[in-house]
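J.: Right, I'll just put the structure down here and ask away after.
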Amino acid sequence: MNGSEPPPPELAALRELQVEEPRALVRERVRRRALAALASSSSRGPGQRLLVRFAMPSALAATVVVYLAWAFTAAGALYRR
Amino acid sequence: MRDPTEGPLVAALRRGEPAAFEVVYGRYRARVYAFLRRLCRRGDVADDLFQETWLRLARHAPRLRSDTDLRAWLFTVARNLWVSHRRWADPRALGQVAMAAVDELPSPEGPADDRVEAALRVARVERALASLPGGSREVLLLVGVEGFGQDEAAAILGVSHEALRQRLGRARRQLASALERNDPTEAIA
C-alpha cells in the first residue's frame, strides 16, 4: 500500500470511525494533574535530575551489594561453625 | 510524519511552559483517548491509561529530545501502557468484559434513513474491530484509523517493517471476515 493507491475497503471503513473525547470530568482532571506534574518536573534543576536518574539508583544498587555480601558472609560463618 | 510546527512546541514543553502543554493536549487528547478506548474496550481502563499517558508526558517533558514526534511519542506510551495493563490484568475477566462491551454496541439493524445508515455502518465497523484480537486491533487502529505510515507504526509497536506488514495483512483479513459476518444484507439474503 502506498500513497497513490486508494486504501483497501476494510481500511477505508476504519477512516469513518469517529474520534471520541473523554468525559469532561476526566478531561479536566487529567489536564489539571498533568499541568501540576509539568510544573513539578520543570522546577527540578539539573542537579536534582542527576540525583534522581543516577545517584539514587547507584546508592540503591550499592546498598543491595553490601547487604548481599554481608548475608553471604554471615551464612558462610554459620555453616563453618 | 512529524508536524513541522512541533519543533517550537517541543522546545516550549522542555522549558515547562503550560501553554505548550495545553496546545498538545488540545491537539491529541481526543485521538489518544479514542485509540485507548478502542484498544481497551473498557471505559474505566481507558480513563486510567489516558491519564497516565499525559502524566508521563508532563513528567518526561524536560527530557524530551528536540526532534521528538509528539504524536508518535504519545501513541507509543499509550500502547505500552495498554500492553502492561493487559499483562497484569486477569485475562478471563478482560475477555468477559470485552464481550459485554461488544454486545453494548448498536446492532446493525434498523430503519434505512441515510444518517441512520451511516451510523449503522460505523457501528458495524466498531463491532467488527472490537471482536478482533488485541494485536490485530492495535495495528489497524494505528494504520487504518490514525493514518500512521507503516514505518511509524512499526516503531510504535517495536517490531520490524516486515513483521508489521505481516501483522497488518493478517489483521485486514480478520477485519474483512468480521465485517462479512456482521453484514446485515447477507443476514437478510
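Residue numbering restarts at 1 for every chain of the C-alpha cells, chains are lettered A, B, ... in their displayed order, and ligands are numbered from 1 as they appear.
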Contacts of stretch 6-23 of chain B at 12 Å or less, counting only C-alpha atoms, minus same-chain residues fewer than 3 places along, as an mmCIF file with C-alpha atoms, in the first residue's frame?
T.:
```cif
data_model
loop_
_atom_site.group_PDB
_atom_site.id
_atom_site.type_symbol
_atom_site.label_atom_id
_atom_site.label_comp_id
_atom_site.auth_asym_id
_atom_site.auth_seq_id
_atom_site.Cartn_x
_atom_site.Cartn_y
_atom_site.Cartn_z
ATOM 1 C CA ARG A 27 -10.591 15.645 30.610
ATOM 2 C CA GLU A 28 -10.336 18.379 33.221
ATOM 3 C CA VAL A 30 -6.156 14.825 33.632
ATOM 4 C CA ARG A 31 -5.353 18.335 32.419
ATOM 5 C CA ARG A 32 -5.025 19.659 35.990
ATOM 6 C CA ARG A 33 -2.863 16.770 37.193
ATOM 7 C CA ALA A 34 -0.634 16.851 34.136
ATOM 8 C CA LEU A 35 -0.073 20.607 34.468
ATOM 9 C CA ALA A 36 0.872 20.106 38.124
ATOM 10 C CA ALA A 37 3.277 17.308 37.117
ATOM 11 C CA LEU A 38 4.756 19.532 34.408
ATOM 12 C CA ALA A 39 5.328 22.358 36.892
ATOM 13 C CA SER A 40 6.982 19.992 39.345
ATOM 14 C CA SER A 41 9.188 18.278 36.757
ATOM 15 C CA SER A 42 10.380 21.524 35.210
ATOM 16 C CA SER A 43 11.109 23.117 38.589
ATOM 17 C CA ARG A 44 13.767 20.459 39.208
ATOM 18 C CA GLY A 45 17.236 21.750 38.410
ATOM 19 C CA MET B 1 5.336 12.160 9.583
ATOM 20 C CA ARG B 2 6.243 14.834 12.133
ATOM 21 C CA ASP B 3 4.206 18.026 12.102
ATOM 22 C CA GLY B 26 -5.935 20.064 22.768
ATOM 23 C CA ARG B 27 -4.392 18.674 19.610
ATOM 24 C CA TYR B 28 -4.025 14.998 20.553
ATOM 25 C CA ARG B 29 -6.354 14.424 23.502
ATOM 26 C CA TRP B 54 -0.457 12.553 29.825
ATOM 27 C CA LEU B 55 1.227 12.387 33.229
ATOM 28 C CA LEU B 57 4.409 13.394 29.015
ATOM 29 C CA ALA B 58 4.360 16.036 31.751
ATOM 30 C CA ARG B 59 6.990 14.253 33.853
ATOM 31 C CA HIS B 60 9.181 13.477 30.872
ATOM 32 C CA ALA B 61 8.849 16.925 29.239
ATOM 33 C CA PRO B 62 12.259 18.337 30.319
ATOM 34 C CA ARG B 63 13.986 15.267 28.885
ATOM 35 C CA LEU B 64 12.201 15.213 25.507
ATOM 36 C CA ARG B 65 14.556 15.202 22.525
ATOM 37 C CA SER B 66 14.239 18.303 20.362
ATOM 38 C CA ASP B 67 13.285 16.162 17.329
ATOM 39 C CA THR B 68 10.525 14.282 19.180
ATOM 40 C CA ASP B 69 7.420 13.475 17.138
ATOM 41 C CA LEU B 70 4.833 14.135 19.840
ATOM 42 C CA ARG B 71 2.008 12.204 18.190
ATOM 43 C CA ALA B 72 4.128 9.074 17.773
ATOM 44 C CA TRP B 73 5.529 9.537 21.304
#
```
J.: Using DSSP on the backbone coordinates, identify all residues within stretch 7-189 of chain B classified as alpha helix (DSSP H); present the result as JSON, numbers by chain.
T.: {"B": [7, 8, 9, 10, 11, 12, 13, 14, 18, 19, 20, 21, 22, 23, 24, 25, 26, 27, 28, 29, 30, 31, 32, 33, 34, 35, 36, 37, 38, 39, 40, 43, 44, 45, 46, 47, 48, 49, 50, 51, 52, 53, 54, 55, 56, 57, 58, 59, 60, 70, 71, 72, 73, 74, 75, 76, 77, 78, 79, 80, 81, 82, 83, 84, 85, 86, 87, 88, 91, 92, 93, 94, 95, 96, 97, 98, 99, 100, 101, 102, 103, 104, 114, 115, 116, 117, 118, 119, 120, 121, 122, 123, 124, 125, 126, 127, 128, 129, 130, 134, 135, 136, 137, 138, 139, 140, 150, 151, 152, 153, 154, 155, 156, 157, 161, 162, 163, 164, 165, 166, 167, 168, 169, 170, 171, 172, 173, 174, 175, 176, 177, 178, 179, 180, 181, 184, 185, 186, 187, 188]}
J.: What lies within 12 Å of B:Val83 using only C-alpha atoms, ignoring chain neighbours under 6 positions off, as a list in words?
T.: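 Surrounding residues, per the criterion: Leu36, Leu39, Cys40, Leu49, Thr76, Val77, Ala89, Gly134, Gly135, Glu138, Leu157 and Gly158 of chain B.
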J.: Could you turn the residues from that selection into a file that holds C-alpha atoms, as a compact mmCIF listing (two decimals), in the first residue's frame?
T.:
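Wrote part_2.txt, looks like this:
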```
# COMPACT_ATOMS: atom_id res chain seq x y z
CA LEU B 36 -7.18 3.73 24.08
CA LEU B 39 -7.84 -0.81 22.36
CA CYS B 40 -9.08 -1.46 25.93
CA LEU B 49 -4.39 4.80 30.84
CA THR B 76 3.83 4.70 21.84
CA VAL B 77 3.35 5.47 25.54
CA ALA B 89 -4.99 -7.89 34.40
CA GLY B 134 -5.69 -7.11 20.65
CA GLY B 135 -2.63 -7.47 18.39
CA GLU B 138 -3.69 -2.15 17.64
CA LEU B 157 4.82 -1.33 18.15
CA GLY B 158 8.53 -2.10 18.42
```
J.: Using only C-alpha atoms for the distances, tell me which of B:Glu162, B:Glu180, B:Asp48, B:Asp151 is nearest to A:Val26.
T.: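 The closest residue to A:Val26 is B:Asp48.
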